[in-house]
file work.txt (compact mmCIF, N, CA and C atoms)
# COMPACT_ATOMS: atom_id res chain seq x y z
N MET A 17 -5.42 -4.61 -23.06
CA MET A 17 -4.46 -3.53 -23.19
C MET A 17 -4.29 -2.79 -21.87
N LYS A 18 -5.43 -2.59 -21.15
CA LYS A 18 -5.37 -1.90 -19.87
C LYS A 18 -4.52 -2.70 -18.87
N ASN A 19 -4.65 -4.03 -18.90
CA ASN A 19 -3.86 -4.87 -18.01
C ASN A 19 -2.38 -4.78 -18.30
N SER A 20 -2.00 -4.70 -19.58
CA SER A 20 -0.58 -4.62 -19.91
C SER A 20 0.00 -3.28 -19.46
N ALA A 21 -0.77 -2.21 -19.55
CA ALA A 21 -0.29 -0.90 -19.07
C ALA A 21 -0.12 -0.94 -17.56
N PHE A 22 -1.08 -1.57 -16.86
CA PHE A 22 -0.99 -1.71 -15.41
C PHE A 22 0.24 -2.53 -15.03
N LEU A 23 0.43 -3.65 -15.70
CA LEU A 23 1.57 -4.51 -15.38
C LEU A 23 2.90 -3.82 -15.67
N SER A 24 2.95 -3.04 -16.73
CA SER A 24 4.17 -2.28 -17.05
C SER A 24 4.48 -1.27 -15.97
N THR A 25 3.45 -0.57 -15.50
CA THR A 25 3.63 0.42 -14.42
C THR A 25 4.08 -0.27 -13.15
N LEU A 26 3.43 -1.37 -12.82
CA LEU A 26 3.79 -2.10 -11.61
C LEU A 26 5.21 -2.65 -11.70
N LEU A 27 5.58 -3.21 -12.82
CA LEU A 27 6.93 -3.74 -13.01
C LEU A 27 7.97 -2.63 -12.85
N ALA A 28 7.73 -1.48 -13.45
CA ALA A 28 8.66 -0.36 -13.32
C ALA A 28 8.78 0.07 -11.87
N PHE A 29 7.66 0.12 -11.17
CA PHE A 29 7.68 0.48 -9.75
C PHE A 29 8.50 -0.52 -8.94
N LEU A 30 8.29 -1.80 -9.19
CA LEU A 30 9.01 -2.83 -8.44
C LEU A 30 10.50 -2.82 -8.74
N ILE A 31 10.86 -2.59 -9.98
CA ILE A 31 12.27 -2.52 -10.34
C ILE A 31 12.94 -1.34 -9.65
N LEU A 32 12.26 -0.21 -9.64
CA LEU A 32 12.83 1.00 -9.04
C LEU A 32 12.94 0.91 -7.54
N THR A 33 12.05 0.15 -6.90
CA THR A 33 12.04 0.12 -5.44
C THR A 33 12.53 -1.18 -4.84
N GLY A 34 12.77 -2.19 -5.63
CA GLY A 34 13.07 -3.53 -5.13
C GLY A 34 14.32 -3.65 -4.30
N CYS A 35 15.33 -2.86 -4.52
CA CYS A 35 16.59 -3.01 -3.81
C CYS A 35 16.87 -1.85 -2.86
N SER A 36 15.85 -1.14 -2.47
CA SER A 36 16.06 0.04 -1.65
C SER A 36 15.32 -0.07 -0.33
N ASN A 37 15.94 0.46 0.72
CA ASN A 37 15.28 0.57 2.01
C ASN A 37 14.66 1.94 2.20
N GLU A 38 14.78 2.80 1.21
CA GLU A 38 14.22 4.13 1.28
C GLU A 38 12.79 4.12 0.77
N TYR A 39 12.00 5.05 1.28
CA TYR A 39 10.62 5.18 0.83
C TYR A 39 10.61 5.97 -0.47
N VAL A 40 9.97 5.42 -1.47
CA VAL A 40 9.85 6.05 -2.78
C VAL A 40 8.50 6.75 -2.85
N GLN A 41 8.51 8.00 -3.27
CA GLN A 41 7.26 8.74 -3.35
C GLN A 41 6.44 8.27 -4.56
N VAL A 42 5.17 8.04 -4.32
CA VAL A 42 4.23 7.65 -5.37
C VAL A 42 3.30 8.83 -5.61
N ALA A 43 3.22 9.28 -6.85
CA ALA A 43 2.38 10.42 -7.21
C ALA A 43 0.92 10.00 -7.35
N LYS A 44 0.03 10.95 -7.19
CA LYS A 44 -1.40 10.69 -7.24
C LYS A 44 -1.84 9.93 -8.49
N PRO A 45 -1.34 10.27 -9.69
CA PRO A 45 -1.78 9.52 -10.88
C PRO A 45 -1.39 8.03 -10.85
N ASP A 46 -0.42 7.67 -10.03
CA ASP A 46 0.05 6.28 -9.97
C ASP A 46 -0.54 5.48 -8.81
N LEU A 47 -1.41 6.10 -8.01
CA LEU A 47 -1.94 5.42 -6.83
C LEU A 47 -2.71 4.15 -7.16
N ASP A 48 -3.43 4.15 -8.28
CA ASP A 48 -4.24 2.98 -8.60
C ASP A 48 -3.41 1.73 -8.86
N SER A 49 -2.12 1.89 -9.14
CA SER A 49 -1.27 0.72 -9.40
C SER A 49 -0.44 0.30 -8.18
N VAL A 50 -0.55 1.01 -7.08
CA VAL A 50 0.27 0.71 -5.90
C VAL A 50 -0.24 -0.51 -5.15
N PHE A 51 -1.52 -0.58 -4.90
CA PHE A 51 -2.10 -1.66 -4.12
C PHE A 51 -2.76 -2.67 -5.06
N ALA A 52 -1.97 -3.60 -5.57
CA ALA A 52 -2.46 -4.60 -6.52
C ALA A 52 -2.82 -5.89 -5.77
N ILE A 53 -3.74 -6.63 -6.33
CA ILE A 53 -4.05 -7.94 -5.77
C ILE A 53 -2.87 -8.85 -6.08
N ASN A 54 -2.37 -9.52 -5.05
CA ASN A 54 -1.19 -10.37 -5.22
C ASN A 54 -1.45 -11.71 -4.56
N SER A 55 -1.41 -12.77 -5.34
CA SER A 55 -1.67 -14.11 -4.81
C SER A 55 -0.41 -14.94 -4.63
N SER A 56 0.75 -14.31 -4.73
CA SER A 56 2.00 -15.04 -4.54
C SER A 56 2.08 -15.58 -3.11
N PRO A 57 2.48 -16.84 -2.94
CA PRO A 57 2.58 -17.38 -1.58
C PRO A 57 3.67 -16.72 -0.75
N THR A 58 4.56 -15.95 -1.36
CA THR A 58 5.61 -15.28 -0.59
C THR A 58 5.24 -13.84 -0.25
N PHE A 59 4.07 -13.37 -0.72
CA PHE A 59 3.62 -12.02 -0.41
C PHE A 59 2.97 -12.01 0.97
N LEU A 60 3.48 -11.16 1.87
CA LEU A 60 2.96 -11.09 3.24
C LEU A 60 1.86 -10.06 3.41
N GLY A 61 1.82 -9.07 2.55
CA GLY A 61 0.73 -8.11 2.63
C GLY A 61 1.18 -6.67 2.56
N TYR A 62 0.18 -5.79 2.61
CA TYR A 62 0.39 -4.34 2.62
C TYR A 62 0.21 -3.82 4.04
N PHE A 63 1.02 -2.81 4.39
CA PHE A 63 0.97 -2.26 5.74
C PHE A 63 1.06 -0.74 5.69
N TYR A 64 0.24 -0.10 6.51
CA TYR A 64 0.33 1.34 6.73
C TYR A 64 1.21 1.52 7.96
N GLU A 65 2.24 2.37 7.85
CA GLU A 65 3.22 2.53 8.92
C GLU A 65 3.13 3.88 9.61
N GLY A 66 2.14 4.69 9.25
CA GLY A 66 1.93 5.96 9.92
C GLY A 66 2.14 7.14 8.98
N SER A 67 1.98 8.33 9.54
CA SER A 67 2.06 9.56 8.76
C SER A 67 2.88 10.60 9.51
N ASP A 68 3.48 11.51 8.74
CA ASP A 68 4.11 12.69 9.33
C ASP A 68 3.41 13.91 8.74
N ASP A 69 4.01 15.07 8.83
CA ASP A 69 3.37 16.29 8.34
C ASP A 69 3.15 16.30 6.84
N GLU A 70 3.96 15.55 6.09
CA GLU A 70 3.88 15.57 4.63
C GLU A 70 3.35 14.30 3.97
N PHE A 71 3.67 13.14 4.56
CA PHE A 71 3.41 11.87 3.87
C PHE A 71 2.73 10.83 4.75
N HIS A 72 2.05 9.88 4.06
CA HIS A 72 1.60 8.62 4.64
C HIS A 72 2.63 7.58 4.17
N TYR A 73 3.02 6.66 5.04
CA TYR A 73 4.05 5.66 4.72
C TYR A 73 3.44 4.26 4.68
N PHE A 74 3.80 3.51 3.64
CA PHE A 74 3.28 2.16 3.42
C PHE A 74 4.42 1.23 3.03
N SER A 75 4.18 -0.07 3.21
CA SER A 75 5.12 -1.06 2.68
C SER A 75 4.34 -2.26 2.19
N SER A 76 4.90 -2.91 1.18
CA SER A 76 4.42 -4.24 0.79
C SER A 76 5.55 -5.18 1.20
N ARG A 77 5.18 -6.24 1.87
CA ARG A 77 6.21 -7.12 2.45
C ARG A 77 6.17 -8.51 1.82
N TRP A 78 7.37 -9.08 1.77
CA TRP A 78 7.59 -10.37 1.13
C TRP A 78 8.35 -11.29 2.07
N LYS A 79 8.03 -12.57 2.03
CA LYS A 79 8.74 -13.56 2.84
C LYS A 79 10.20 -13.64 2.42
N TYR A 80 10.44 -13.61 1.13
CA TYR A 80 11.80 -13.61 0.59
C TYR A 80 11.97 -12.36 -0.24
N GLY A 81 13.11 -11.72 -0.16
CA GLY A 81 13.34 -10.52 -0.96
C GLY A 81 13.08 -9.26 -0.16
N SER A 82 13.28 -8.15 -0.82
CA SER A 82 13.16 -6.85 -0.19
C SER A 82 11.71 -6.39 -0.12
N ASP A 83 11.39 -5.72 0.97
CA ASP A 83 10.09 -5.08 1.08
C ASP A 83 10.07 -3.86 0.16
N ARG A 84 8.89 -3.48 -0.29
CA ARG A 84 8.73 -2.27 -1.09
C ARG A 84 8.19 -1.18 -0.18
N LYS A 85 8.90 -0.07 -0.09
CA LYS A 85 8.50 1.02 0.80
C LYS A 85 8.10 2.22 -0.04
N MET A 86 6.94 2.79 0.30
CA MET A 86 6.46 3.92 -0.47
C MET A 86 5.84 4.97 0.45
N LYS A 87 5.89 6.20 -0.03
CA LYS A 87 5.27 7.29 0.70
C LYS A 87 4.36 8.04 -0.27
N ILE A 88 3.23 8.47 0.27
CA ILE A 88 2.22 9.15 -0.53
C ILE A 88 1.90 10.46 0.16
N ALA A 89 1.93 11.55 -0.60
CA ALA A 89 1.65 12.87 -0.03
C ALA A 89 0.27 12.87 0.62
N ARG A 90 0.18 13.50 1.77
CA ARG A 90 -1.09 13.58 2.50
C ARG A 90 -2.16 14.24 1.64
N THR A 91 -1.74 15.17 0.79
CA THR A 91 -2.70 15.87 -0.07
C THR A 91 -3.22 14.97 -1.20
N ASP A 92 -2.54 13.84 -1.46
CA ASP A 92 -2.93 12.93 -2.54
C ASP A 92 -3.80 11.78 -2.07
N LEU A 93 -3.86 11.55 -0.76
CA LEU A 93 -4.62 10.41 -0.25
C LEU A 93 -5.15 10.71 1.14
N GLU A 94 -6.45 10.56 1.30
CA GLU A 94 -7.08 10.72 2.61
C GLU A 94 -7.24 9.35 3.23
N VAL A 95 -6.75 9.20 4.46
CA VAL A 95 -6.86 7.92 5.16
C VAL A 95 -7.68 8.10 6.43
N ASP A 96 -8.31 7.03 6.87
CA ASP A 96 -9.13 7.06 8.08
C ASP A 96 -8.38 6.39 9.22
N GLY A 97 -8.09 7.15 10.26
CA GLY A 97 -7.44 6.58 11.43
C GLY A 97 -5.93 6.65 11.39
N GLU A 98 -5.40 7.76 10.90
CA GLU A 98 -3.93 7.85 10.80
C GLU A 98 -3.31 7.99 12.19
N PHE A 99 -2.03 7.65 12.26
CA PHE A 99 -1.25 7.78 13.49
C PHE A 99 0.16 8.18 13.10
N ASP A 100 0.96 8.58 14.09
CA ASP A 100 2.32 9.06 13.82
C ASP A 100 3.21 7.96 13.26
N PHE A 101 3.98 8.33 12.24
CA PHE A 101 4.92 7.41 11.61
C PHE A 101 5.88 6.83 12.64
N GLY A 102 6.07 5.51 12.59
CA GLY A 102 7.01 4.83 13.47
C GLY A 102 6.45 4.40 14.80
N THR A 103 5.17 4.68 15.08
CA THR A 103 4.61 4.32 16.39
C THR A 103 3.83 3.02 16.37
N SER A 104 3.38 2.60 15.20
CA SER A 104 2.58 1.39 15.08
C SER A 104 2.52 0.99 13.61
N GLU A 105 1.74 -0.02 13.30
CA GLU A 105 1.49 -0.36 11.91
C GLU A 105 0.12 -1.02 11.81
N LEU A 106 -0.42 -1.01 10.61
CA LEU A 106 -1.75 -1.52 10.38
C LEU A 106 -1.76 -2.35 9.10
N GLY A 107 -2.24 -3.58 9.17
CA GLY A 107 -2.37 -4.41 7.99
C GLY A 107 -3.52 -3.95 7.13
N LEU A 108 -3.34 -4.02 5.81
CA LEU A 108 -4.35 -3.57 4.86
C LEU A 108 -4.69 -4.69 3.89
N SER A 109 -5.92 -4.67 3.39
CA SER A 109 -6.35 -5.65 2.40
C SER A 109 -6.96 -4.93 1.20
N VAL A 110 -6.60 -5.38 0.02
CA VAL A 110 -7.17 -4.82 -1.20
C VAL A 110 -8.40 -5.61 -1.65
N ILE A 111 -8.70 -6.69 -0.93
CA ILE A 111 -9.81 -7.57 -1.28
C ILE A 111 -10.90 -7.45 -0.22
N ARG A 112 -12.13 -7.29 -0.68
CA ARG A 112 -13.26 -7.27 0.25
C ARG A 112 -13.62 -8.71 0.59
N THR A 113 -13.34 -9.10 1.80
CA THR A 113 -13.65 -10.45 2.27
C THR A 113 -15.10 -10.49 2.75
N PRO A 114 -15.63 -11.67 3.10
CA PRO A 114 -17.00 -11.73 3.61
C PRO A 114 -17.21 -10.90 4.87
N ASP A 115 -16.16 -10.72 5.67
CA ASP A 115 -16.25 -9.91 6.89
C ASP A 115 -15.12 -8.88 6.87
N PRO A 116 -15.21 -7.88 5.96
CA PRO A 116 -14.09 -6.94 5.82
C PRO A 116 -13.98 -6.02 7.03
N GLY A 117 -12.77 -5.53 7.24
CA GLY A 117 -12.58 -4.50 8.24
C GLY A 117 -13.10 -3.19 7.69
N PRO A 118 -13.03 -2.14 8.50
CA PRO A 118 -13.47 -0.83 8.03
C PRO A 118 -12.63 -0.35 6.85
N VAL A 119 -13.20 0.51 6.04
CA VAL A 119 -12.46 1.10 4.91
C VAL A 119 -11.40 2.05 5.47
N PHE A 120 -10.17 1.85 5.02
CA PHE A 120 -9.05 2.69 5.44
C PHE A 120 -8.88 3.89 4.50
N CYS A 121 -9.01 3.63 3.19
CA CYS A 121 -8.92 4.70 2.21
C CYS A 121 -9.59 4.24 0.92
N GLU A 122 -9.78 5.18 0.01
CA GLU A 122 -10.35 4.88 -1.30
C GLU A 122 -9.39 5.41 -2.35
N ILE A 123 -9.12 4.59 -3.36
CA ILE A 123 -8.25 4.99 -4.47
C ILE A 123 -9.01 4.74 -5.76
N ASP A 124 -9.34 5.80 -6.45
CA ASP A 124 -10.10 5.70 -7.71
C ASP A 124 -11.36 4.85 -7.56
N GLY A 125 -12.08 5.06 -6.46
CA GLY A 125 -13.33 4.34 -6.23
C GLY A 125 -13.17 2.93 -5.70
N ARG A 126 -11.93 2.50 -5.47
CA ARG A 126 -11.66 1.15 -4.95
C ARG A 126 -11.29 1.27 -3.48
N SER A 127 -11.95 0.50 -2.63
CA SER A 127 -11.71 0.55 -1.19
C SER A 127 -10.51 -0.30 -0.79
N ILE A 128 -9.73 0.23 0.15
CA ILE A 128 -8.65 -0.51 0.81
C ILE A 128 -9.11 -0.68 2.25
N TYR A 129 -9.10 -1.91 2.76
CA TYR A 129 -9.67 -2.21 4.06
C TYR A 129 -8.62 -2.43 5.13
N ARG A 130 -8.98 -2.08 6.36
CA ARG A 130 -8.16 -2.43 7.52
C ARG A 130 -8.32 -3.94 7.73
N ILE A 131 -7.26 -4.60 8.11
CA ILE A 131 -7.38 -6.02 8.46
C ILE A 131 -7.82 -6.10 9.90
N GLN A 132 -8.89 -6.84 10.13
CA GLN A 132 -9.41 -7.02 11.48
C GLN A 132 -8.43 -7.86 12.29
N THR A 133 -8.17 -7.43 13.50
CA THR A 133 -7.32 -8.22 14.40
C THR A 133 -8.14 -8.64 15.61
N ASN A 134 -7.65 -9.61 16.33
CA ASN A 134 -8.35 -10.10 17.52
C ASN A 134 -7.91 -9.40 18.79
N GLU A 135 -7.23 -8.28 18.65
CA GLU A 135 -6.72 -7.56 19.83
C GLU A 135 -7.82 -6.78 20.49
call {"tool": "encode", "arguments": {"input": "work.txt", "output": "structure tokens"}}
result
Amino acid sequence: MKNSAFLSTLLAFLILTGCSNEYVQVAKPDLDSVFAINSSPTFLGYFYEGSDDEFHYFSSRWKYGSDRKMKIARTDLEVDGEFDFGTSELGLSVIRTPDPGPVFCEIDGRSIYRIQTNE
């Protein structure tokens, strides 16, 4: 039953944001459904795009179709290593790999990791 509620929330989010280039605000109670494990071969990943005075900006990207853009109030999510919106981007992983990057943020006790790069 918990999975069906999660899938319903995720589906509603995707329908509402699928055809838009605008960032959709995600409220604190919905944060646990934003970063889902996705094994689709067309899913490129989650990215942090920076922060401004009010929001942290994220996107989930797809090889085909529209990217999903979301913004989360700074007061609703604490992130480690923020930077100004539009200056850079950071890949994120919802899965703890054998050699995970540092924790970027925590959502309901679940860690979101920075993707390690060779730079």
call {"tool": "atom_distance", "arguments": {"input": "work.txt", "atom1": "atom C of A:Phe120", "atom2": "atom C of A:Asp48"}}
result
14.6 Å
call {"tool": "atom_distance", "arguments": {"input": "work.txt", "atom1": "atom CA of A:Ser55", "atom2": "atom CA of A:Arg112"}}
result
14.4 Å
call {"tool": "residues_around", "arguments": {"input": "work.txt", "residues": "A:Ile131", "least_positions_apart": "4", "cutoff": "8 Å", "atoms": "all atoms listed in the file", "output": "list in words"}}
result
Leu106, Gly107, Leu108, Ser109, Pro116, Gly117, Pro118 and Phe120 of chain A
call {"tool": "select_by_dssp", "arguments": {"input": "work.txt", "residues": "stretch 24-93 of chain A", "states": "strand (DSSP E)", "output": "ChimeraX atom specification"}}
result
/A:40-42,59-67,71-78,84-89
call {"tool": "closest_residue", "arguments": {"input": "work.txt", "among": "A:Ser127, A:Ser75, A:Ser67, A:Ser82", "to": "A:Gly102", "atoms": "only C-alpha atoms"}}
result
A:Ser67
call {"tool": "residues_around", "arguments": {"input": "work.txt", "residues": "A:His72", "least_positions_apart": "2", "cutoff": "8 Å", "atoms": "all atoms listed in the file", "output": "MDAnalysis selection string"}}
result
chainID A and resid 64:70 74:75 86:91 93 101
call {"tool": "residues_around", "arguments": {"input": "work.txt", "residues": "stretch 77-79 of chain A", "least_positions_apart": "2", "cutoff": "9 Å", "atoms": "only C-alpha atoms", "output": "ChimeraX atom specification"}}
result
/A:57-63,75,81-85
call {"tool": "atom_distance", "arguments": {"input": "work.txt", "atom1": "atom N of A:Ile123", "atom2": "atom C of A:Val40"}}
result
17.8 Å
call {"tool": "select_by_dssp", "arguments": {"input": "work.txt", "residues": "stretch 20-125 of chain A", "states": "helix (DSSP H, G or I)", "output": "PyMOL selection string"}}
result
chain A and resi 20-33+44-49
call {"tool": "decode", "arguments": {"input": "work.txt", "residues": "stretch 20-118 of chain A", "atoms": "C-alpha atoms", "output": "compact mmCIF listing (two decimals), in the first residue's frame"}}
result
# COMPACT_ATOMS: atom_id res chain seq x y z
CA SER A 20 1.11 2.56 -4.38
CA ALA A 21 0.85 5.86 -2.49
CA PHE A 22 4.45 6.65 -3.43
CA LEU A 23 3.85 5.77 -7.08
CA SER A 24 0.68 7.88 -7.15
CA THR A 25 2.55 10.88 -5.76
CA LEU A 26 5.41 10.39 -8.19
CA LEU A 27 3.06 9.99 -11.15
CA ALA A 28 1.19 13.18 -10.22
CA PHE A 29 4.50 15.03 -9.91
CA LEU A 30 5.68 13.79 -13.30
CA ILE A 31 2.42 14.67 -15.01
CA LEU A 32 2.46 18.17 -13.55
CA THR A 33 6.08 18.83 -14.46
CA GLY A 34 6.64 16.74 -17.59
CA CYS A 35 5.91 19.40 -20.19
CA SER A 36 7.32 22.44 -18.45
CA ASN A 37 10.67 24.19 -18.51
CA GLU A 38 9.79 26.01 -15.31
CA TYR A 39 10.93 24.89 -11.89
CA VAL A 40 8.07 23.48 -9.84
CA GLN A 41 8.26 24.00 -6.10
CA VAL A 42 8.29 20.82 -4.03
CA ALA A 43 7.02 21.15 -0.45
CA LYS A 44 8.80 19.56 2.50
CA PRO A 45 6.17 16.80 3.00
CA ASP A 46 6.76 15.67 -0.62
CA LEU A 47 10.57 15.57 -0.52
CA ASP A 48 10.75 11.82 0.11
CA SER A 49 9.13 11.16 -3.28
CA VAL A 50 11.32 13.52 -5.33
CA PHE A 51 14.51 11.47 -5.54
CA ALA A 52 13.32 7.98 -6.49
CA ILE A 53 15.47 5.08 -7.61
CA ASN A 54 15.07 4.88 -11.38
CA SER A 55 16.48 2.05 -13.48
CA SER A 56 15.12 3.21 -16.83
CA PRO A 57 17.85 3.12 -19.50
CA THR A 58 16.73 6.59 -20.66
CA PHE A 59 17.14 8.17 -17.20
CA LEU A 60 20.33 10.26 -17.10
CA GLY A 61 20.25 11.16 -13.42
CA TYR A 62 19.57 13.81 -10.81
CA PHE A 63 21.45 17.11 -10.75
CA TYR A 64 21.80 19.95 -8.28
CA GLU A 65 21.97 23.24 -10.23
CA GLY A 66 22.68 25.65 -7.39
CA SER A 67 20.83 27.86 -4.93
CA ASP A 68 19.62 31.43 -4.63
CA ASP A 69 18.35 33.30 -1.56
CA GLU A 70 15.13 31.27 -1.42
CA PHE A 71 15.54 27.92 -3.20
CA HIS A 72 17.80 25.01 -4.11
CA TYR A 73 17.33 23.99 -7.78
CA PHE A 74 17.38 20.40 -9.07
CA SER A 75 16.57 18.51 -12.24
CA SER A 76 16.03 14.92 -13.23
CA ARG A 77 17.19 14.39 -16.78
CA TRP A 78 16.13 11.99 -19.48
CA LYS A 79 17.72 10.95 -22.78
CA TYR A 80 14.33 11.30 -24.47
CA GLY A 81 11.58 13.60 -23.25
CA SER A 82 11.50 16.62 -21.02
CA ASP A 83 13.68 17.09 -17.99
CA ARG A 84 11.89 17.53 -14.67
CA LYS A 85 12.87 20.77 -12.93
CA MET A 86 12.16 21.38 -9.28
CA LYS A 87 12.98 23.89 -6.60
CA ILE A 88 13.02 23.26 -2.87
CA ALA A 89 12.90 26.01 -0.26
CA ARG A 90 16.21 26.44 1.54
CA THR A 91 14.33 26.18 4.82
CA ASP A 92 13.01 22.73 3.80
CA LEU A 93 16.32 21.12 2.86
CA GLU A 94 19.87 21.54 4.12
CA VAL A 95 22.54 20.75 1.53
CA ASP A 96 26.30 20.41 1.90
CA GLY A 97 28.41 22.43 -0.52
CA GLU A 98 25.88 24.73 -2.13
CA PHE A 99 26.84 27.20 -4.86
CA ASP A 100 25.09 29.99 -6.75
CA PHE A 101 22.32 28.94 -9.12
CA GLY A 102 23.43 28.87 -12.76
CA THR A 103 27.19 28.73 -12.07
CA SER A 104 27.73 24.97 -12.08
CA GLU A 105 25.98 21.66 -11.55
CA LEU A 106 26.53 18.55 -9.50
CA GLY A 107 25.46 14.98 -10.23
CA LEU A 108 23.61 13.21 -7.44
CA SER A 109 22.98 9.56 -6.62
CA VAL A 110 20.16 8.10 -4.56
CA ILE A 111 21.99 4.77 -4.32
CA ARG A 112 24.90 4.08 -2.00
CA THR A 113 27.50 2.48 -4.24
CA PRO A 114 30.56 0.57 -2.93
CA ASP A 115 32.56 3.82 -3.20
CA PRO A 116 29.94 6.56 -2.65
CA GLY A 117 30.69 10.23 -2.86
CA PRO A 118 30.14 12.45 0.15
